[in-house]
There are 2 protein chains.
Amino acid sequence: MGLDDRKLAVLRAIVEDYVSTQEPVGSKALVERHQLGVSPATVRNDMAVLEEEGYIRQPHTSAGRVPTDRGYRLFVDRLSRVKPLSPAERRAIERFLVGAVDLDDVVHRTVRLLAQLTRQVAVVQYPSLARSSVRHLELVPISTTRLMLVMIADTGRVEQRLVELPGPVSADDVTDVRRLVNEKLAGARLSDTPPLVQALVEEAPAGLRPMMTTLATVLLETLVERHEERIALAGTANLTRGGLLDFQGSLRPILEALEEEVVLLKLIGETEPSATRVLIGDENEFDNLRAASVVSTGYGPGSTIVGGLGVLGPTRMDYPGNIATVRAVARYVGELLAQN
Amino acid sequence: MGLDDRKLAVLRAIVEDYVSTQEPVGSKALVERHQLGVSPATVRNDMAVLEEEGYIRQPHTSAGRVPTDRGYRLFVDRLSRVKPLSPAERRAIERFLVGAVDLDDVVHRTVRLLAQLTRQVAVVQYPSLARSSVRHLELVPISTTRLMLVMIADTGRVEQRLVELPGPVSADDVTDVRRLVNEKLAGARLSDTPPLVQALVEEAPAGLRPMMTTLATVLLETLVERHEERIALAGTANLTRGGLLDFQGSLRPILEALEEEVVLLKLIGETEPSATRVLIGDENEFDNLRAASVVSTGYGPGSTIVGGLGVLGPTRMDYPGNIATVRAVARYVGELLAQN
DNA sequence: GACTGGCACTCGTTACAGTCGAGTGCCAGG
DNA sequence: CCTGGCACTCGACTGTAACGAGTGCCAGTC
């Protein structure tokens, strides 16, 4: 592992040049564009070592070098500083997010903002229900045998679902059930609700039992089991920048992956290490995305994390810039959520 | 305009062959694959006329012919019968839509189904608020100065919005306002609400006036002015079929257009003529989509129309098949909605 | 021992020429 | 009006050659 400082500098130069020009970079061009203080021949020797170690490779014998996924990894971990945002970018973020009126609105604005700033595909997860608490449950009678169940979470998320009752119920019954349900569930974390819901059914007065049973089923189904997570996406048109050189010529697998919510959630949803996460090329678990990189982080009010957001693009992306932007946007969104 | 029957048959044959093979079709291949009863030379003469009239063209001098947008238009209008769906397709539709539990669920299933059946990009508009009526308005107190306003439309759509009140209100006040608002607005078409909301403010008891004023602002803003329309999209990966031959090599403009809700609404939202609408290539008003065609139709319970749905693909698409599928799906969705 | 200049070599790119063949337009004849 | 025949066009493909960016290696220098 004889990677002295100069070799690392060479790798950094290669990554930077390749990211900006999108062309394999040769030894001569390198010494011209960076002050390395040595001759091309020396650089070539260093390159040979870097290639042997698997950090760069040659697309074909007589071409320049290109970073490998491993090379990008080293670059991200040890050779790059997170770029501070320009004042213009900061202003853009504020201008974009101020005036959001709604959680939906916040999420949509955020995802478009991210796509625009990074010029990549942006993904934002709605605040996860699993990490939210129930603020209020509302039952709205639609007819005598139908209710609309509306759940409002502390994160601002609102989920609703139609409930088909086994038999007709009176307005008073609905009022009673509403009270019981809220007494039991308000304030509880969504992930803690199943036993509480169970208790509700058991403790319900006999007259309300059938209604409560149906309601319990729907509650568990909607809030815990079912899709539960939502995702917003923007900037897919950015995939076509870099004229088909990225993504080895086919957007197909990428577009397919982006249509799968499950995939996106796996990519940006795992927020245990609250730090920014970077997945480069084949570090990714999905074959469809082995030509892509993902920069993601968690966001939430204060220091808690309620969801993830990030960007996806070619492995040849501006990591320092994208990391900075993703972090900054996540912080702003967190502040915005904290205000509610 | 000497387009006798045989020339029309030739045009039809050209369209069909080109759609299925994706290659310019020559006179010899035509007579072999279709029983035209004449020789290639005759077909060539017909082709010359068709080209002169602008229905077909030659990509380059020594190649076969390809339909123009105008040719597709004639084909759609006069030369094609809507293909009846296969039993398998009918079953697929039913299987897919049965079990939908929610309006959201219906829309998502529908859009995926459409994308899958047609192998194109599918677009489904949520039931338009403008064409819906208010079923119920619910006010959920979040704190003493905050309400969650939830509107449930007869189409099943649910919209919510946080309302920041000018001052604290009591639970009784909320109950009163809820009653007043529902008395006035329940059953009204959304498009008729502005004067009613105005009246609400004027008729409100003095004590409730400030709260009602704020509420009125939010109501008008959310339900009438603001984004109001929602769209679901699926199948963008289908754009990559036909390996970049369609769309003259770049998906860029298409993907950009698909990100603009306004554009999509214009495409599938105008449902005045309740019949199926077909927009071919440059008939389309958006430059970005001049290489694409759109097949769309309205849907709704019974004979009313509450929204639009459709598919978008290359001009070289299977029009009869897509028209049939779009219509069938719209009908099934309409039936589904009618059940609520 | 590390760096450098020089040099032979590799191999993709480009240009050019030649062939092939699908497809056409036109014309004379049935 | 249709048909067979024929000359023509022109893109697609193939093969060859020249070019040049970039490399690896080696001998020489500090």
# chains A, B, ... in the order shown; residues from 1 in each chain; ligands from 1
call {"tool": "interface_residues", "arguments": {"of": "chain B", "to": "chain D", "cutoff": "12 Å", "atoms": "only C-alpha atoms (C1' of nucleotides)", "output": "NGL selection string"}}
result
:B and (37-46 or 59-64)
call {"tool": "residues_around", "arguments": {"residues": "Leu103 (chain B)", "least_positions_apart": "3", "cutoff": "7 Å", "atoms": "only C-alpha atoms (C1' of nucleotides)", "output": "PyMOL selection string"}}
result
chain B and resi 106-107+156-157
call {"tool": "select_by_dssp", "arguments": {"residues": "region 304-335 of chain A", "states": "alpha helix (DSSP H)", "output": "ChimeraX atom specification"}}
result
/A:319-335
call {"tool": "select_by_dssp", "arguments": {"residues": "region 90-292 of chain B", "states": "strand (DSSP E)", "output": "MDAnalysis selection string"}}
result
chainID B and resid 121:125 134:143 146:153 158:164 231:234 277:280 292
call {"tool": "atom_distance", "arguments": {"atom1": "CA of Ser80 (chain B)", "atom2": "CA of Gln22 (chain B)"}}
result
18.5 Å
call {"tool": "interface_residues", "arguments": {"of": "chain A", "to": "chain B", "cutoff": "9 Å", "atoms": "only C-alpha atoms", "output": "mmCIF file with C-alpha atoms, in the first residue's frame"}}
result
data_model
loop_
_atom_site.group_PDB
_atom_site.id
_atom_site.type_symbol
_atom_site.label_atom_id
_atom_site.label_comp_id
_atom_site.auth_asym_id
_atom_site.auth_seq_id
_atom_site.Cartn_x
_atom_site.Cartn_y
_atom_site.Cartn_z
ATOM 1 C CA VAL A 101 -47.636 25.973 3.534
ATOM 2 C CA ASP A 102 -48.023 22.302 4.030
ATOM 3 C CA LEU A 103 -46.022 19.184 4.578
ATOM 4 C CA ARG A 135 -51.299 13.705 17.200
ATOM 5 C CA HIS A 136 -54.945 13.138 16.545
ATOM 6 C CA LEU A 137 -57.290 10.632 15.002
ATOM 7 C CA GLU A 138 -60.451 11.908 13.429
ATOM 8 C CA VAL A 140 -65.708 11.579 9.830
ATOM 9 C CA PRO A 141 -69.054 9.933 9.110
ATOM 10 C CA ILE A 142 -69.669 9.660 5.400
ATOM 11 C CA MET A 148 -63.342 8.395 6.858
ATOM 12 C CA VAL A 150 -57.984 10.603 9.284
ATOM 13 C CA ILE A 152 -52.634 13.397 11.833
ATOM 14 C CA GLY A 156 -47.487 16.994 9.900
ATOM 15 C CA VAL A 158 -51.850 13.178 7.313
ATOM 16 C CA GLN A 160 -56.666 8.923 5.525
ATOM 17 C CA ARG A 161 -58.587 5.816 4.718
ATOM 18 C CA LEU A 162 -62.179 4.878 4.091
ATOM 19 C CA ALA A 234 -37.662 15.037 -9.165
ATOM 20 C CA GLY A 235 -35.038 15.758 -11.764
ATOM 21 C CA THR A 236 -35.116 12.555 -13.763
ATOM 22 C CA ALA A 237 -34.351 14.644 -16.831
ATOM 23 C CA ASN A 238 -30.934 15.264 -15.296
ATOM 24 C CA LEU A 239 -30.093 11.646 -16.020
ATOM 25 C CA THR A 240 -29.699 12.565 -19.648
ATOM 26 C CA ARG A 241 -26.920 15.037 -19.007
ATOM 27 C CA GLY A 243 -25.122 12.291 -23.129
ATOM 28 C CA SER A 250 -28.855 2.849 -21.076
ATOM 29 C CA LEU A 251 -31.109 4.688 -18.704
ATOM 30 C CA ARG A 252 -33.402 1.732 -18.618
ATOM 31 C CA PRO A 253 -32.271 0.086 -15.412
ATOM 32 C CA ILE A 254 -32.032 3.413 -13.626
ATOM 33 C CA LEU A 255 -35.535 4.470 -14.565
ATOM 34 C CA GLU A 256 -36.833 1.087 -13.545
ATOM 35 C CA ALA A 257 -35.195 1.342 -10.172
ATOM 36 C CA LEU A 258 -36.572 4.817 -9.635
ATOM 37 C CA GLU A 259 -40.087 3.512 -10.100
#
call {"tool": "interface_residues", "arguments": {"of": "chain C", "to": "chain A", "cutoff": "8 Å", "atoms": "only C-alpha atoms (C1' of nucleotides)", "output": "ChimeraX atom specification"}}
result
/C:3-4,10-12
call {"tool": "calpha_fit_rmsd", "arguments": {"fixed": "chain A", "moving": "chain B"}}
result
0.2 Å
call {"tool": "residues_around", "arguments": {"residues": "region 303-319 of chain A", "least_positions_apart": "3", "cutoff": "6 Å", "atoms": "only C-alpha atoms (C1' of nucleotides)", "output": "PDB file with N, CA and C atoms, in the first residue's frame"}}
result
ATOM      1  N   VAL A  19     -14.220  14.172 -13.490  1.00  0.00           N
ATOM      2  CA  VAL A  19     -15.570  14.621 -13.163  1.00  0.00           C
ATOM      3  C   VAL A  19     -15.942  15.855 -13.989  1.00  0.00           C
ATOM      4  N   GLN A 120     -28.986  16.638 -10.265  1.00  0.00           N
ATOM      5  CA  GLN A 120     -29.094  15.180 -10.256  1.00  0.00           C
ATOM      6  C   GLN A 120     -30.549  14.824 -10.001  1.00  0.00           C
ATOM      7  N   VAL A 121     -30.804  13.537  -9.915  1.00  0.00           N
ATOM      8  CA  VAL A 121     -32.130  13.107  -9.514  1.00  0.00           C
ATOM      9  C   VAL A 121     -32.237  13.253  -7.996  1.00  0.00           C
ATOM     10  N   ALA A 122     -33.301  13.873  -7.536  1.00  0.00           N
ATOM     11  CA  ALA A 122     -33.467  14.079  -6.106  1.00  0.00           C
ATOM     12  C   ALA A 122     -34.578  13.192  -5.565  1.00  0.00           C
ATOM     13  N   VAL A 123     -34.377  12.721  -4.346  1.00  0.00           N
ATOM     14  CA  VAL A 123     -35.355  11.854  -3.701  1.00  0.00           C
ATOM     15  C   VAL A 123     -35.579  12.350  -2.277  1.00  0.00           C
ATOM     16  N   VAL A 124     -36.836  12.507  -1.909  1.00  0.00           N
ATOM     17  CA  VAL A 124     -37.137  12.900  -0.535  1.00  0.00           C
ATOM     18  C   VAL A 124     -38.192  11.966   0.037  1.00  0.00           C
ATOM     19  N   GLN A 125     -37.878  11.413   1.175  1.00  0.00           N
ATOM     20  CA  GLN A 125     -38.836  10.552   1.860  1.00  0.00           C
ATOM     21  C   GLN A 125     -39.707  11.418   2.761  1.00  0.00           C
ATOM     22  N   PRO A 127     -41.755  12.240   6.069  1.00  0.00           N
ATOM     23  CA  PRO A 127     -41.462  11.804   7.435  1.00  0.00           C
ATOM     24  C   PRO A 127     -42.052  10.414   7.660  1.00  0.00           C
ATOM     25  N   SER A 128     -41.211   9.526   8.122  1.00  0.00           N
ATOM     26  CA  SER A 128     -41.639   8.146   8.275  1.00  0.00           C
ATOM     27  C   SER A 128     -42.699   8.023   9.370  1.00  0.00           C
ATOM     28  N   ARG A 131     -41.538   6.618  12.659  1.00  0.00           N
ATOM     29  CA  ARG A 131     -40.835   7.499  13.588  1.00  0.00           C
ATOM     30  C   ARG A 131     -41.709   8.650  14.062  1.00  0.00           C
ATOM     31  N   ASP A 246     -22.516   8.317 -19.244  1.00  0.00           N
ATOM     32  CA  ASP A 246     -22.742   7.732 -17.935  1.00  0.00           C
ATOM     33  C   ASP A 246     -23.720   6.588 -18.125  1.00  0.00           C
ATOM     34  N   ILE A 268     -32.292   5.739   0.508  1.00  0.00           N
ATOM     35  CA  ILE A 268     -32.173   6.947   1.303  1.00  0.00           C
ATOM     36  C   ILE A 268     -32.808   6.818   2.677  1.00  0.00           C
ATOM     37  N   GLY A 269     -33.451   5.674   2.921  1.00  0.00           N
ATOM     38  CA  GLY A 269     -34.226   5.559   4.143  1.00  0.00           C
ATOM     39  C   GLY A 269     -33.438   5.136   5.369  1.00  0.00           C
ATOM     40  N   GLY A 281     -21.414   3.411  -6.878  1.00  0.00           N
ATOM     41  CA  GLY A 281     -21.450   2.329  -7.853  1.00  0.00           C
ATOM     42  C   GLY A 281     -21.858   1.009  -7.247  1.00  0.00           C
ATOM     43  N   ALA A 292     -24.524   3.836 -10.691  1.00  0.00           N
ATOM     44  CA  ALA A 292     -24.944   5.105 -10.104  1.00  0.00           C
ATOM     45  C   ALA A 292     -24.413   5.268  -8.683  1.00  0.00           C
ATOM     46  N   SER A 293     -24.371   6.494  -8.250  1.00  0.00           N
ATOM     47  CA  SER A 293     -23.997   6.778  -6.862  1.00  0.00           C
ATOM     48  C   SER A 293     -25.130   7.530  -6.182  1.00  0.00           C
ATOM     49  N   VAL A 294     -25.169   7.378  -4.867  1.00  0.00           N
ATOM     50  CA  VAL A 294     -26.223   8.028  -4.100  1.00  0.00           C
ATOM     51  C   VAL A 294     -25.610   8.757  -2.915  1.00  0.00           C
ATOM     52  N   VAL A 295     -26.017   9.993  -2.734  1.00  0.00           N
ATOM     53  CA  VAL A 295     -25.610  10.756  -1.552  1.00  0.00           C
ATOM     54  C   VAL A 295     -26.871  11.030  -0.752  1.00  0.00           C
ATOM     55  N   SER A 296     -26.908  10.576   0.490  1.00  0.00           N
ATOM     56  CA  SER A 296     -28.146  10.756   1.237  1.00  0.00           C
ATOM     57  C   SER A 296     -27.869  11.066   2.701  1.00  0.00           C
ATOM     58  N   THR A 297     -28.871  11.602   3.340  1.00  0.00           N
ATOM     59  CA  THR A 297     -28.745  11.912   4.757  1.00  0.00           C
ATOM     60  C   THR A 297     -30.131  11.938   5.384  1.00  0.00           C
ATOM     61  N   GLY A 298     -30.153  11.901   6.696  1.00  0.00           N
ATOM     62  CA  GLY A 298     -31.437  11.983   7.378  1.00  0.00           C
ATOM     63  C   GLY A 298     -31.783  13.434   7.670  1.00  0.00           C
ATOM     64  N   TYR A 299     -33.059  13.670   7.898  1.00  0.00           N
ATOM     65  CA  TYR A 299     -33.453  15.017   8.289  1.00  0.00           C
ATOM     66  C   TYR A 299     -34.536  14.911   9.355  1.00  0.00           C
ATOM     67  N   GLY A 300     -34.736  15.983  10.040  1.00  0.00           N
ATOM     68  CA  GLY A 300     -35.775  15.978  11.054  1.00  0.00           C
ATOM     69  C   GLY A 300     -35.636  17.210  11.921  1.00  0.00           C
ATOM     70  N   ASN A 322     -22.159  17.827  -3.940  1.00  0.00           N
ATOM     71  CA  ASN A 322     -23.453  17.215  -3.655  1.00  0.00           C
ATOM     72  C   ASN A 322     -23.621  16.911  -2.172  1.00  0.00           C
ATOM     73  N   ILE A 323     -22.557  16.487  -1.546  1.00  0.00           N
ATOM     74  CA  ILE A 323     -22.636  16.221  -0.110  1.00  0.00           C
ATOM     75  C   ILE A 323     -22.998  17.503   0.629  1.00  0.00           C
TER      76      ILE A 323
END
call {"tool": "residues_around", "arguments": {"residues": "Ile56 (chain A)", "least_positions_apart": "2", "cutoff": "12 Å", "atoms": "only C-alpha atoms (C1' of nucleotides)", "output": "PyMOL selection string"}}
result
chain A and resi 7-8+10-15+18+24-26+46-54+58-59+64-75
call {"tool": "residues_around", "arguments": {"residues": "Asp173 (chain A)", "least_positions_apart": "3", "cutoff": "12 Å", "atoms": "only C-alpha atoms (C1' of nucleotides)", "output": "PDB file with N, CA and C atoms, in the first residue's frame"}}
result
ATOM      1  N   LEU A 139     -62.559  10.803  13.079  1.00  0.00           N
ATOM      2  CA  LEU A 139     -63.498   9.921  12.379  1.00  0.00           C
ATOM      3  C   LEU A 139     -64.587  10.795  11.782  1.00  0.00           C
ATOM      4  N   VAL A 140     -64.710  10.756  10.496  1.00  0.00           N
ATOM      5  CA  VAL A 140     -65.708  11.579   9.830  1.00  0.00           C
ATOM      6  C   VAL A 140     -66.766  10.671   9.225  1.00  0.00           C
ATOM      7  N   PRO A 141     -68.008  10.787   9.674  1.00  0.00           N
ATOM      8  CA  PRO A 141     -69.054   9.933   9.110  1.00  0.00           C
ATOM      9  C   PRO A 141     -69.344  10.356   7.675  1.00  0.00           C
ATOM     10  N   THR A 144     -74.108   6.162   7.149  1.00  0.00           N
ATOM     11  CA  THR A 144     -74.282   5.456   8.422  1.00  0.00           C
ATOM     12  C   THR A 144     -73.359   4.248   8.547  1.00  0.00           C
ATOM     13  N   THR A 145     -72.853   3.750   7.400  1.00  0.00           N
ATOM     14  CA  THR A 145     -71.994   2.566   7.484  1.00  0.00           C
ATOM     15  C   THR A 145     -70.578   2.844   6.984  1.00  0.00           C
ATOM     16  N   LEU A 147     -67.074   5.422   7.368  1.00  0.00           N
ATOM     17  CA  LEU A 147     -66.325   6.477   8.034  1.00  0.00           C
ATOM     18  C   LEU A 147     -65.098   6.817   7.224  1.00  0.00           C
ATOM     19  N   GLY A 167     -71.982  -2.585  10.295  1.00  0.00           N
ATOM     20  CA  GLY A 167     -73.404  -2.240  10.393  1.00  0.00           C
ATOM     21  C   GLY A 167     -73.535  -0.757  10.633  1.00  0.00           C
ATOM     22  N   PRO A 168     -74.740  -0.219  10.596  1.00  0.00           N
ATOM     23  CA  PRO A 168     -74.937   1.211  10.785  1.00  0.00           C
ATOM     24  C   PRO A 168     -74.594   1.636  12.217  1.00  0.00           C
ATOM     25  N   VAL A 169     -74.061   2.827  12.337  1.00  0.00           N
ATOM     26  CA  VAL A 169     -73.744   3.355  13.668  1.00  0.00           C
ATOM     27  C   VAL A 169     -74.330   4.760  13.794  1.00  0.00           C
ATOM     28  N   SER A 170     -74.558   5.159  15.011  1.00  0.00           N
ATOM     29  CA  SER A 170     -75.133   6.482  15.244  1.00  0.00           C
ATOM     30  C   SER A 170     -74.023   7.509  15.425  1.00  0.00           C
ATOM     31  N   ASP A 176     -68.273   8.627  20.682  1.00  0.00           N
ATOM     32  CA  ASP A 176     -67.686   7.814  21.745  1.00  0.00           C
ATOM     33  C   ASP A 176     -66.395   7.145  21.289  1.00  0.00           C
ATOM     34  N   VAL A 177     -66.477   6.534  20.126  1.00  0.00           N
ATOM     35  CA  VAL A 177     -65.307   5.814  19.628  1.00  0.00           C
ATOM     36  C   VAL A 177     -64.156   6.781  19.394  1.00  0.00           C
ATOM     37  N   ARG A 178     -64.477   7.936  18.849  1.00  0.00           N
ATOM     38  CA  ARG A 178     -63.435   8.930  18.593  1.00  0.00           C
ATOM     39  C   ARG A 178     -62.708   9.257  19.902  1.00  0.00           C
ATOM     40  N   ARG A 179     -63.500   9.452  20.952  1.00  0.00           N
ATOM     41  CA  ARG A 179     -62.907   9.801  22.231  1.00  0.00           C
ATOM     42  C   ARG A 179     -62.019   8.661  22.748  1.00  0.00           C
ATOM     43  N   LEU A 180     -62.566   7.463  22.714  1.00  0.00           N
ATOM     44  CA  LEU A 180     -61.805   6.307  23.193  1.00  0.00           C
ATOM     45  C   LEU A 180     -60.488   6.149  22.438  1.00  0.00           C
ATOM     46  N   ALA A 204     -63.393  -2.197  24.667  1.00  0.00           N
ATOM     47  CA  ALA A 204     -64.549  -1.472  24.142  1.00  0.00           C
ATOM     48  C   ALA A 204     -65.847  -2.008  24.738  1.00  0.00           C
ATOM     49  N   PRO A 205     -66.803  -1.111  25.025  1.00  0.00           N
ATOM     50  CA  PRO A 205     -68.135  -1.548  25.469  1.00  0.00           C
ATOM     51  C   PRO A 205     -68.732  -2.467  24.406  1.00  0.00           C
ATOM     52  N   ALA A 206     -69.525  -3.413  24.844  1.00  0.00           N
ATOM     53  CA  ALA A 206     -70.064  -4.423  23.933  1.00  0.00           C
ATOM     54  C   ALA A 206     -70.717  -3.802  22.699  1.00  0.00           C
ATOM     55  N   GLY A 207     -71.462  -2.715  22.898  1.00  0.00           N
ATOM     56  CA  GLY A 207     -72.179  -2.111  21.785  1.00  0.00           C
ATOM     57  C   GLY A 207     -71.265  -1.572  20.695  1.00  0.00           C
ATOM     58  N   LEU A 208     -70.099  -1.170  21.112  1.00  0.00           N
ATOM     59  CA  LEU A 208     -69.185  -0.576  20.136  1.00  0.00           C
ATOM     60  C   LEU A 208     -68.180  -1.581  19.599  1.00  0.00           C
ATOM     61  N   ARG A 209     -68.253  -2.802  20.137  1.00  0.00           N
ATOM     62  CA  ARG A 209     -67.254  -3.798  19.791  1.00  0.00           C
ATOM     63  C   ARG A 209     -67.082  -4.029  18.277  1.00  0.00           C
ATOM     64  N   PRO A 210     -68.174  -4.266  17.524  1.00  0.00           N
ATOM     65  CA  PRO A 210     -67.988  -4.560  16.093  1.00  0.00           C
ATOM     66  C   PRO A 210     -67.329  -3.402  15.356  1.00  0.00           C
ATOM     67  N   MET A 211     -67.802  -2.215  15.638  1.00  0.00           N
ATOM     68  CA  MET A 211     -67.230  -1.048  14.991  1.00  0.00           C
ATOM     69  C   MET A 211     -65.749  -0.927  15.329  1.00  0.00           C
ATOM     70  N   MET A 212     -65.441  -1.106  16.587  1.00  0.00           N
ATOM     71  CA  MET A 212     -64.056  -0.957  17.020  1.00  0.00           C
ATOM     72  C   MET A 212     -63.164  -2.008  16.379  1.00  0.00           C
TER      73      MET A 212
END
